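Below: entry22.json (JSON, C-alpha atoms)
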[["chain", "number", "residue", "atom", "x", "y", "z"],
["U", 1, "MET", "CA", -5.64, -11.58, -8.10],
["U", 2, "ALA", "CA", -8.94, -12.37, -6.40],
["U", 3, "THR", "CA", -8.60, -9.34, -4.10],
["U", 4, "MET", "CA", -7.83, -7.15, -7.07],
["U", 5, "LEU", "CA", -10.91, -8.38, -8.93],
["U", 6, "ASN", "CA", -13.13, -7.82, -5.89],
["U", 7, "GLY", "CA", -12.23, -4.14, -5.75],
["U", 8, "ALA", "CA", -12.27, -3.72, -9.52],
["U", 9, "ALA", "CA", -15.88, -4.93, -9.67],
["U", 10, "VAL", "CA", -17.10, -1.38, -9.01],
["U", 11, "MET", "CA", -14.62, 0.53, -11.21],
["U", 12, "ASP", "CA", -15.58, 2.66, -14.21],
["U", 13, "ALA", "CA", -11.99, 3.22, -15.36],
["U", 14, "ALA", "CA", -8.42, 2.29, -14.44],
["U", 15, "LEU", "CA", -5.02, 3.96, -14.18],
["U", 16, "LEU", "CA", -2.37, 1.34, -14.97],
["U", 17, "LEU", "CA", 0.67, 2.50, -12.95],
["U", 18, "ILE", "CA", 4.00, 1.08, -14.15],
["U", 19, "THR", "CA", 7.35, 1.98, -12.56],
["U", 20, "GLY", "CA", 10.81, 1.68, -14.00],
["U", 21, "ASN", "CA", 11.62, -1.36, -11.84],
["U", 22, "GLU", "CA", 8.29, -3.15, -12.39],
["U", 23, "SER", "CA", 8.64, -6.85, -13.14],
["U", 24, "GLN", "CA", 6.90, -8.29, -16.17],
["U", 25, "PRO", "CA", 4.78, -10.85, -14.26],
["U", 26, "GLN", "CA", 3.41, -8.07, -12.05],
["U", 27, "ILE", "CA", 2.39, -5.98, -15.09],
["U", 28, "SER", "CA", 0.90, -9.11, -16.61],
["U", 29, "GLU", "CA", -1.34, -9.52, -13.56],
["U", 30, "TYR", "CA", -2.60, -5.95, -13.91],
["U", 31, "LEU", "CA", -3.38, -6.43, -17.60],
["U", 32, "THR", "CA", -5.07, -9.74, -16.93],
["U", 33, "ALA", "CA", -7.30, -8.13, -14.29],
["U", 34, "VAL", "CA", -8.23, -5.36, -16.74],
["U", 35, "GLU", "CA", -9.09, -7.92, -19.41],
["U", 36, "ILE", "CA", -11.15, -10.04, -17.01],
["U", 37, "ILE", "CA", -13.34, -7.16, -15.85],
["U", 38, "LYS", "CA", -13.54, -5.81, -19.42],
["U", 39, "LEU", "CA", -12.53, -2.24, -18.62],
["U", 40, "GLN", "CA", -12.41, -0.05, -21.72],
["U", 41, "ASN", "CA", -11.33, 3.25, -20.15],
["U", 42, "ILE", "CA", -7.63, 2.93, -19.31],
["U", 43, "ILE", "CA", -4.71, 5.33, -18.96],
["U", 44, "ILE", "CA", -1.15, 4.01, -18.55],
["U", 45, "LEU", "CA", 1.11, 5.98, -16.18],
["U", 46, "GLN", "CA", 4.90, 5.60, -16.41],
["U", 47, "ASN", "CA", 6.04, 6.49, -12.90],
["U", 48, "MET", "CA", 9.45, 7.44, -11.41],
["U", 49, "VAL", "CA", 10.76, 9.10, -14.56],
["U", 50, "ASP", "CA", 12.69, 11.47, -12.29],
["U", 51, "LEU", "CA", 15.01, 8.60, -11.29],
["U", 52, "ILE", "CA", 16.17, 7.67, -14.79],
["U", 53, "LYS", "CA", 17.71, 9.49, -17.73],
["U", 54, "GLU", "CA", 15.64, 10.67, -20.69],
["U", 55, "ALA", "CA", 16.99, 7.98, -23.02],
["U", 56, "GLN", "CA", 16.16, 5.29, -20.47],
["U", 57, "ALA", "CA", 12.67, 6.72, -20.00],
["U", 58, "LEU", "CA", 12.03, 6.66, -23.75],
["U", 59, "GLY", "CA", 13.33, 3.10, -24.00],
["U", 60, "HIS", "CA", 11.14, 2.04, -21.09],
["U", 61, "GLN", "CA", 8.12, 3.68, -22.72],
["U", 62, "LYS", "CA", 8.75, 1.74, -25.92],
["U", 63, "SER", "CA", 9.04, -1.51, -23.96],
["U", 64, "ILE", "CA", 5.72, -0.77, -22.25],
["U", 65, "ALA", "CA", 4.08, -0.14, -25.63],
["U", 66, "ALA", "CA", 5.49, -3.42, -26.96],
["U", 67, "PHE", "CA", 4.38, -5.35, -23.88],
["U", 68, "VAL", "CA", 0.76, -4.14, -23.97],
["U", 69, "LYS", "CA", 0.44, -4.59, -27.74],
["U", 70, "GLY", "CA", -2.46, -6.87, -28.54],
["U", 71, "THR", "CA", -4.19, -6.30, -25.18],
["U", 72, "VAL", "CA", -7.02, -4.00, -24.13],
["U", 73, "ALA", "CA", -4.35, -1.50, -23.00],
["U", 74, "GLU", "CA", -2.82, -1.13, -26.48],
["U", 75, "ALA", "CA", -4.63, 2.06, -27.49],
["U", 76, "PRO", "CA", -4.48, 4.15, -24.26],
["U", 77, "PRO", "CA", -1.78, 6.85, -23.93],
["U", 78, "ILE", "CA", 1.39, 6.36, -21.87],
["U", 79, "VAL", "CA", 1.87, 9.39, -19.63],
["U", 80, "PRO", "CA", 5.28, 9.86, -17.93],
["U", 81, "ILE", "CA", 4.90, 11.12, -14.35],
["U", 82, "SER", "CA", 6.62, 11.43, -11.00],
["U", 83, "ALA", "CA", 3.98, 10.80, -8.35],
["U", 84, "GLN", "CA", 6.25, 11.79, -5.46],
["U", 85, "LEU", "CA", 7.29, 15.12, -7.03],
["U", 86, "LYS", "CA", 3.87, 15.60, -8.68],
["U", 87, "TYR", "CA", 5.40, 16.05, -12.14],
["U", 88, "ASN", "CA", 2.90, 15.91, -15.03],
["U", 89, "ILE", "CA", -0.10, 15.31, -12.78],
["U", 90, "ASP", "CA", -1.94, 18.09, -14.63],
["U", 91, "ALA", "CA", -1.57, 16.04, -17.85],
["U", 92, "VAL", "CA", -3.09, 13.02, -16.09],
["U", 93, "ASN", "CA", -6.06, 15.15, -14.98],
["U", 94, "GLU", "CA", -6.52, 16.39, -18.55],
["U", 95, "TYR", "CA", -6.47, 12.85, -19.96],
["U", 96, "ILE", "CA", -9.04, 11.76, -17.35],
["U", 97, "MET", "CA", -11.34, 14.63, -18.31],
["U", 98, "ARG", "CA", -11.00, 14.11, -22.07],
["U", 99, "ARG", "CA", -10.73, 10.32, -22.48],
["U", 100, "ILE", "CA", -12.91, 8.89, -19.70],
["U", 101, "PRO", "CA", -16.63, 9.58, -20.29],
["U", 102, "ILE", "CA", -18.97, 10.25, -17.39],
["U", 103, "PRO", "CA", -20.96, 7.05, -16.80],
["U", 104, "VAL", "CA", -24.74, 7.13, -17.06],
["U", 105, "ARG", "CA", -26.21, 6.67, -13.56],
["U", 106, "ASP", "CA", -29.59, 5.23, -12.63],
["U", 107, "PHE", "CA", -31.20, 7.22, -9.81],
["U", 108, "MET", "CA", -34.76, 5.90, -10.21],
["U", 109, "SER", "CA", -34.35, 2.15, -9.65],
["U", 110, "SER", "CA", -34.35, 0.44, -6.27],
["U", 111, "PRO", "CA", -31.01, 1.09, -4.56],
["U", 112, "GLN", "CA", -28.35, -1.59, -4.75],
["U", 113, "LEU", "CA", -24.99, -1.29, -3.02],
["U", 114, "ILE", "CA", -22.30, -3.91, -3.53],
["U", 115, "VAL", "CA", -20.04, -4.35, -0.49],
["U", 116, "ILE", "CA", -16.26, -4.45, -1.03],
["U", 117, "ARG", "CA", -15.16, -3.87, 2.61],
["U", 118, "SER", "CA", -16.78, -4.19, 6.04],
["U", 119, "PHE", "CA", -15.52, -3.23, 9.50],
["U", 120, "ASP", "CA", -16.11, -3.38, 13.21],
["U", 121, "VAL", "CA", -15.26, 0.21, 14.23],
["U", 122, "ASN", "CA", -15.46, -0.43, 17.98],
["U", 123, "LYS", "CA", -12.15, -0.29, 19.80],
["U", 124, "PRO", "CA", -11.25, -2.98, 22.36],
["U", 125, "GLY", "CA", -12.69, -2.16, 25.76],
["U", 126, "THR", "CA", -15.62, -0.10, 24.47],
["U", 127, "GLU", "CA", -18.53, -0.06, 26.89],
["U", 128, "VAL", "CA", -21.68, -1.90, 25.83],
["U", 129, "ASN", "CA", -23.83, 1.25, 25.75],
["U", 130, "GLU", "CA", -21.22, 2.98, 23.55],
["U", 131, "ARG", "CA", -20.79, 0.26, 20.95],
["U", 132, "MET", "CA", -21.72, 1.04, 17.35],
["U", 133, "GLY", "CA", -23.12, -1.21, 14.66],
["U", 134, "GLY", "CA", -21.07, -2.63, 11.82],
["U", 135, "VAL", "CA", -19.96, -0.51, 8.84],
["U", 136, "ALA", "CA", -20.11, -1.62, 5.22],
["U", 137, "CYS", "CA", -18.25, 0.17, 2.43],
["U", 138, "GLY", "CA", -18.93, -0.12, -1.26],
["U", 139, "SER", "CA", -20.33, 1.52, -4.35],
["U", 140, "ILE", "CA", -23.98, 2.12, -5.19],
["U", 141, "LEU", "CA", -24.81, 0.56, -8.56],
["U", 142, "ALA", "CA", -28.28, 2.12, -8.87],
["U", 143, "GLY", "CA", -30.82, 4.08, -6.86],
["U", 144, "VAL", "CA", -30.33, 6.30, -3.82],
["U", 145, "LEU", "CA", -29.66, 5.39, -0.18],
["U", 146, "ALA", "CA", -30.86, 7.70, 2.60],
["U", 147, "LEU", "CA", -30.55, 7.93, 6.37],
["U", 148, "LYS", "CA", -33.03, 5.90, 8.44],
["U", 149, "MET", "CA", -33.82, 3.73, 5.40],
["U", 150, "ARG", "CA", -34.72, 0.11, 6.19],
["U", 151, "VAL", "CA", -32.42, -2.19, 4.22],
["U", 152, "GLU", "CA", -32.02, -5.89, 3.53],
["U", 153, "ILE", "CA", -28.62, -7.51, 3.08],
["U", 154, "CYS", "CA", -28.27, -10.68, 1.02],
["U", 155, "GLN", "CA", -27.07, -13.36, 0.96],
["U", 156, "GLY", "CA", -26.93, -12.64, 4.68],
["U", 157, "ILE", "CA", -26.02, -15.49, 7.03],
["U", 158, "VAL", "CA", -25.45, -18.75, 5.15],
["U", 159, "THR", "CA", -26.03, -22.06, 6.93],
["U", 160, "LYS", "CA", -26.43, -25.68, 5.83],
["U", 161, "ASP", "CA", -29.47, -27.84, 6.41],
["U", 162, "GLN", "CA", -29.49, -31.55, 7.24],
["U", 163, "GLN", "CA", -29.11, -32.43, 3.54],
["U", 164, "GLY", "CA", -26.01, -30.23, 3.24],
["U", 165, "CYS", "CA", -27.73, -27.57, 1.09],
["U", 166, "ASN", "CA", -27.04, -23.87, 1.64],
["U", 167, "ARG", "CA", -29.74, -21.82, 3.34],
["U", 168, "CYS", "CA", -29.50, -18.03, 3.20],
["U", 169, "HIS", "CA", -30.98, -15.88, 5.96],
["U", 170, "PRO", "CA", -31.12, -12.17, 4.94],
["U", 171, "ILE", "CA", -30.03, -9.52, 7.45],
["U", 172, "PHE", "CA", -32.40, -6.62, 8.09],
["U", 173, "SER", "CA", -31.14, -3.33, 9.48],
["U", 174, "CYS", "CA", -31.42, 0.46, 9.31],
["U", 175, "ILE", "CA", -28.96, 3.00, 7.86],
["U", 176, "MET", "CA", -27.67, 5.18, 10.70],
["U", 177, "THR", "CA", -24.82, 7.06, 8.99],
["U", 178, "LEU", "CA", -23.59, 7.70, 5.46],
["U", 179, "LEU", "CA", -20.05, 8.93, 4.87],
["U", 180, "ALA", "CA", -17.90, 9.75, 1.85],
["U", 181, "GLU", "CA", -14.34, 10.36, 3.06],
["U", 182, "ASN", "CA", -14.96, 12.54, 6.17],
["U", 183, "ASN", "CA", -18.17, 14.07, 4.81],
["U", 184, "GLN", "CA", -21.43, 13.08, 6.48],
["U", 185, "LEU", "CA", -24.26, 12.63, 3.99],
["U", 186, "GLN", "CA", -28.04, 12.70, 4.19],
["U", 187, "PHE", "CA", -28.30, 10.51, 1.08],
["U", 188, "ALA", "CA", -25.88, 8.74, -1.27],
["U", 189, "VAL", "CA", -26.08, 8.34, -5.05],
["U", 190, "PRO", "CA", -24.32, 6.02, -7.55],
["U", 191, "GLY", "CA", -20.65, 6.68, -8.22],
["U", 192, "GLY", "CA", -17.69, 6.67, -5.87],
["U", 193, "LEU", "CA", -17.36, 4.84, -2.58],
["U", 194, "VAL", "CA", -19.58, 5.31, 0.45],
["U", 195, "GLY", "CA", -19.48, 4.01, 4.01],
["U", 196, "VAL", "CA", -22.80, 2.86, 5.48],
["U", 197, "GLY", "CA", -23.19, 2.69, 9.25],
["U", 198, "THR", "CA", -25.84, 0.19, 10.36],
["U", 199, "LEU", "CA", -27.26, -1.52, 13.43],
["U", 200, "ILE", "CA", -25.84, -4.90, 12.37],
["U", 201, "ASP", "CA", -23.97, -6.91, 14.97],
["U", 202, "PRO", "CA", -20.31, -5.76, 14.55],
["U", 203, "MET", "CA", -19.18, -9.40, 14.64],
["U", 204, "LEU", "CA", -20.91, -9.97, 11.29],
["U", 205, "CYS", "CA", -18.96, -7.07, 9.73],
["U", 206, "ARG", "CA", -15.56, -7.77, 11.25],
["U", 207, "ALA", "CA", -12.64, -8.59, 8.92],
["U", 208, "ASP", "CA", -14.58, -8.05, 5.66],
["U", 209, "ARG", "CA", -17.18, -10.72, 6.46],
["U", 210, "LEU", "CA", -19.83, -8.81, 4.47],
["U", 211, "VAL", "CA", -17.74, -8.57, 1.30],
["U", 212, "GLY", "CA", -19.83, -9.61, -1.69],
["U", 213, "GLN", "CA", -23.14, -8.92, 0.02],
["U", 214, "VAL", "CA", -25.72, -6.63, -1.60],
["U", 215, "PHE", "CA", -27.67, -3.85, 0.16],
["U", 216, "SER", "CA", -31.14, -2.81, -0.97],
["U", 217, "VAL", "CA", -34.52, -1.86, 0.39],
["U", 218, "VAL", "CA", -36.55, -4.72, 1.82],
["U", 219, "SER", "CA", -37.88, -7.23, -0.78],
["U", 220, "LYS", "CA", -36.11, -5.49, -3.70],
["U", 221, "LEU", "CA", -32.94, -7.59, -3.89],
["U", 222, "PRO", "CA", -32.03, -9.84, -6.82],
["U", 223, "GLN", "CA", -32.38, -13.60, -6.49],
["U", 224, "ILE", "CA", -29.78, -15.80, -4.80],
["U", 225, "TYR", "CA", -28.12, -18.53, -6.89],
["U", 226, "THR", "CA", -26.19, -21.62, -5.82],
["U", 227, "GLU", "CA", -25.79, -23.04, -9.34],
["U", 228, "LEU", "CA", -24.47, -21.17, -12.37],
["U", 229, "GLU", "CA", -24.32, -21.95, -16.07],
["U", 230, "ILE", "CA", -21.49, -19.89, -17.53],
["U", 231, "SER", "CA", -19.46, -19.52, -20.71],
["U", 232, "LEU", "CA", -15.76, -18.93, -20.07],
["U", 233, "PHE", "CA", -12.45, -18.21, -21.71],
["U", 234, "LEU", "CA", -9.03, -19.28, -20.46],
["U", 235, "LEU", "CA", -6.15, -16.87, -19.95],
["U", 236, "GLN", "CA", -3.14, -17.43, -22.14],
["U", 237, "HIS", "CA", -0.48, -17.05, -19.44],
["U", 238, "LEU", "CA", -0.05, -18.27, -15.89],
["U", 239, "LEU", "CA", 0.28, -15.19, -13.73],
["U", 240, "GLY", "CA", 3.71, -14.74, -12.21],
["U", 241, "VAL", "CA", 4.96, -18.08, -13.56],
["U", 242, "LYS", "CA", 7.24, -18.51, -16.57],
["U", 243, "THR", "CA", 6.01, -21.68, -18.20],
["U", 244, "GLU", "CA", 4.88, -22.94, -21.57],
["U", 245, "ASP", "CA", 2.28, -25.34, -20.16],
["U", 246, "LYS", "CA", -1.14, -25.03, -21.73],
["U", 247, "LYS", "CA", -3.96, -24.60, -19.27],
["U", 248, "THR", "CA", -7.19, -26.46, -19.87],
["U", 249, "MET", "CA", -10.37, -26.70, -17.86],
["U", 250, "LYS", "CA", -10.51, -30.22, -16.44],
["U", 251, "VAL", "CA", -12.97, -32.18, -14.36],
["U", 252, "THR", "CA", -12.22, -31.83, -10.61],
["U", 253, "LYS", "CA", -10.11, -28.73, -11.31],
["U", 254, "LEU", "CA", -10.36, -26.17, -8.51],
["U", 255, "VAL", "CA", -11.19, -22.64, -9.65],
["U", 256, "LYS", "CA", -12.07, -19.38, -7.99],
["U", 257, "ILE", "CA", -15.24, -17.59, -9.10],
["U", 258, "ASN", "CA", -15.76, -13.84, -8.83],
["U", 259, "VAL", "CA", -19.36, -12.58, -9.06],
["U", 260, "GLY", "CA", -19.32, -8.84, -8.48],
["U", 261, "SER", "CA", -17.19, -8.48, -5.35],
["U", 262, "THR", "CA", -17.98, -12.03, -4.18],
["U", 263, "SER", "CA", -15.08, -14.48, -4.32],
["U", 264, "THR", "CA", -15.82, -18.16, -3.85],
["U", 265, "GLY", "CA", -14.18, -21.46, -4.70],
["U", 266, "GLY", "CA", -15.69, -24.17, -6.86],
["U", 267, "ARG", "CA", -14.92, -27.46, -8.56],
["U", 268, "VAL", "CA", -15.54, -28.37, -12.19],
["U", 269, "LEU", "CA", -17.90, -31.33, -12.36],
["U", 270, "SER", "CA", -18.36, -32.54, -15.94],
["U", 271, "MET", "CA", -19.15, -29.21, -17.61],
["U", 272, "LYS", "CA", -20.90, -27.95, -14.48],
["U", 273, "MET", "CA", -19.75, -25.61, -11.73],
["U", 274, "ASP", "CA", -20.55, -26.53, -8.13],
["U", 275, "LEU", "CA", -20.29, -23.36, -6.01],
["U", 276, "ARG", "CA", -19.02, -23.62, -2.46],
["U", 277, "ASN", "CA", -20.88, -20.48, -1.37],
["U", 278, "SER", "CA", -24.04, -18.69, -2.46],
["U", 279, "SER", "CA", -23.96, -15.50, -4.53],
["U", 280, "CYS", "CA", -26.49, -12.70, -4.78],
["U", 281, "ALA", "CA", -26.32, -11.13, -8.23],
["U", 282, "PRO", "CA", -28.60, -9.34, -10.71],
["U", 283, "THR", "CA", -29.47, -11.18, -13.89],
["U", 284, "PRO", "CA", -28.03, -11.14, -16.43],
["U", 285, "GLY", "CA", -24.66, -10.83, -14.74],
["U", 286, "SER", "CA", -21.05, -11.85, -15.16],
["U", 287, "ALA", "CA", -19.05, -14.53, -13.40],
["U", 288, "LEU", "CA", -15.26, -14.43, -13.61],
["U", 289, "ALA", "CA", -12.99, -17.43, -13.18],
["U", 290, "PRO", "CA", -9.37, -16.33, -12.74],
["U", 291, "PRO", "CA", -6.87, -19.16, -12.34],
["U", 292, "VAL", "CA", -5.64, -20.11, -8.87],
["U", 293, "ARG", "CA", -2.36, -21.81, -8.06],
["U", 294, "ARG", "CA", -3.61, -23.62, -4.98],
["U", 295, "MET", "CA", -6.88, -23.91, -3.06]]
Now that the file is in, can you turn its structure into structure tokens?
Amino acid sequence: MATMLNGAAVMDAALLLITGNESQPQISEYLTAVEIIKLQNIIILQNMVDLIKEAQALGHQKSIAAFVKGTVAEAPPIVPISAQLKYNIDAVNEYIMRRIPIPVRDFMSSPQLIVIRSFDVNKPGTEVNERMGGVACGSILAGVLALKMRVEICQGIVTKDQQGCNRCHPIFSCIMTLLAENNQLQFAVPGGLVGVGTLIDPMLCRADRLVGQVFSVVSKLPQIYTELEISLFLLQHLLGVKTEDKKTMKVTKLVKINVGSTSTGGRVLSMKMDLRNSSCAPTPGSALAPPVRRM
């Protein structure tokens, strides 16, 4: 769930793909993620209709409609498709064009890119003089990024001082490459995903270590917070678990907090959340607390 929320933090719309053999808990997780991130633009796709008879497909469609009733996915259409055979894909394209509005983009503000993946692209055995800097992938929320632009990455490297408090050390670098798919760009604008090649030590980007960080021009980043005051709502069902137990927020309860694409653990301390890691986020923002089974 946390991984799903991290990627969904930069989405404008969602296609809820449901197959004929989909289990109810799995669909419940998808719907819960949609509700948490408050997506309004949704299209439900009923996949693999080529493997079942027409009567079964109609019955399955009715069961989907009954299952999503009362959720944010109640109103969207249910489009039967076969992704492998590309049946009815033209109808999906038409629904996307007609039902999902084009988001309003901000090109004039200081650029902000939220990182959802980061990589070390150097293969084992690469010579020192041939090594490349780390690559960060994400979506630009506002502004425009360009080649050779000096950028600051927060929260950067997080350490603890002698008192045990977090200390954030921003990373400064320069944009060397911009790519969308296999297309090299001179500049990148909000919308879609973009890969940013930098001069950052590849070790800092390896295995998604920069996930949740924010790119911007120097001295234009939002503030860094280690304490949050939030209002929350509890989900009505435990994901993937058939139980009638009522969940309540309790003191010492372990929860996972999602701020943008940042995922961090915390503990409830008498109506107060104590974050384990720092988060860099614009204000006002949103913090999500999906339930976790074990920390």
Pick from U:Asn41, U:Ser219, U:Gln213, U:Gln56 nearest to U:Ser263, counting only C-alpha atoms |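 Comparing U:Asn41, U:Ser219, U:Gln213, U:Gln56 against U:Ser263, the winner is U:Gln213.
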Do a neighbour search on U:Ser139 at 7 Å with only C-alpha atoms, toss out local chain neighbours closer than 5 positions, and write the hits as a list of chain:residue names.
->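 Those residues are U:Val10, U:Leu113, U:Ile114, U:Pro190, U:Gly191, U:Gly192, U:Leu193, U:Val194.
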Using all atoms listed in the file, which residues of stretch 113-182 of chain U come within 7 Å of stretch 84-107 of chain U, and what is the closest atom pair for each, with the distance in Å to one decimal? Give it as a Markdown table, sorted by chain and residue number.
| residue | atom | partner | partner_atom | distance |
| --- | --- | --- | --- | --- |
| U:Ala142 | CA | U:Asp106 | CA | 5.1 |
| U:Gly143 | CA | U:Phe107 | CA | 4.3 |
| U:Val144 | CA | U:Phe107 | CA | 6.1 |
At a cut-off of 8 Å around the point (-19.1, 0.5, 5.3) (file coordinates), what residues fall inside when counting all atoms listed in the file? I'd like the answer as a compact mmCIF listing (two decimals) with C-alpha atoms, in the coordinates of the input.
# COMPACT_ATOMS: atom_id res chain seq x y z
CA VAL U 115 -20.04 -4.35 -0.49
CA ARG U 117 -15.16 -3.87 2.61
CA SER U 118 -16.78 -4.19 6.04
CA PHE U 119 -15.52 -3.23 9.50
CA GLY U 134 -21.07 -2.63 11.82
CA VAL U 135 -19.96 -0.51 8.84
CA ALA U 136 -20.11 -1.62 5.22
CA CYS U 137 -18.25 0.17 2.43
CA GLY U 138 -18.93 -0.12 -1.26
CA VAL U 194 -19.58 5.31 0.45
CA GLY U 195 -19.48 4.01 4.01
CA VAL U 196 -22.80 2.86 5.48
CA GLY U 197 -23.19 2.69 9.25
How many Å lie between atom CA of U:Ile153 and atom CA of U:Met203, rounded to one decimal?
->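 Taking atom CA of U:Ile153 as the start and atom CA of U:Met203 as the end point, the length is 15.0 Å.
With distances restricted to all atoms listed in the file, U:Pro202 is the closest residue to U:Met132 from U:Gly265, U:Pro202, U:Gly59, U:Gly212.
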Would you please work out which residue, of U:Val211, U:Ile18, U:Leu31, U:Leu58, is nearest to U:Ile44 when using all atoms listed in the file?
->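 Nearest candidate to U:Ile44 out of U:Val211, U:Ile18, U:Leu31, U:Leu58: U:Ile18.
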Near stretch 168-175 of chain U, counting all atoms listed in the file, which residues have an atom at most 6 Å away, once you skip same-chain residues fewer than 2 positions from it, shown as a list in words?
->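 That gives Leu147, Lys148, Met149, Arg150, Val151, Glu152, Ile153, Cys154, Gln155, Gly156, Ile157, Val158, Thr177, Gly197, Thr198 and Leu199 of chain U.
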Go ahead and fit an axis-aligned box to every listed atom of stretch 130-141 of chain U plus 4 Å each side, and pass me the centre and edge lengths in Å, one decimal, as AutoDock Vina command-line options.
--center_x -21.5 --center_y 0.2 --center_z 7.5 --size_x 14.6 --size_y 13.6 --size_z 40.1
Which one of U:Val268, U:Met176, U:Met108, U:Ala207 sits closest to U:Glu227 if you count only C-alpha atoms?
->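 Looking at the shortest contact to U:Glu227, the residue is U:Val268.
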Just how far from atom CA of U:Asp208 is atom CA of U:Ile36, in Å to one decimal?
->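 Separation between atom CA of U:Ile36 and atom CA of U:Asp208: 23.0 Å.
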Do you have the atom CA of U:Ser28-atom CA of U:Ile81 distance handy?
-> 20.7 Å
Nearest to U:Tyr225, restricted to only C-alpha atoms and choosing among U:Asn129, U:Asn258, U:Ser110, U:Asn166, comes out as U:Asn166
Pick from U:Val255, U:Leu17, U:Ile200, U:Ile27: nearest to U:Arg131, with all atoms listed in the file counted?
-> U:Ile200
Compile the contact shell of U:Ala65 as an MDAnalysis selection string: residues with an atom at most 10 Å away, counting all atoms listed in the file, same-chain residues fewer than 4 positions apart removed.
-> chainID U and resid 44 59:61 69:70 73:78
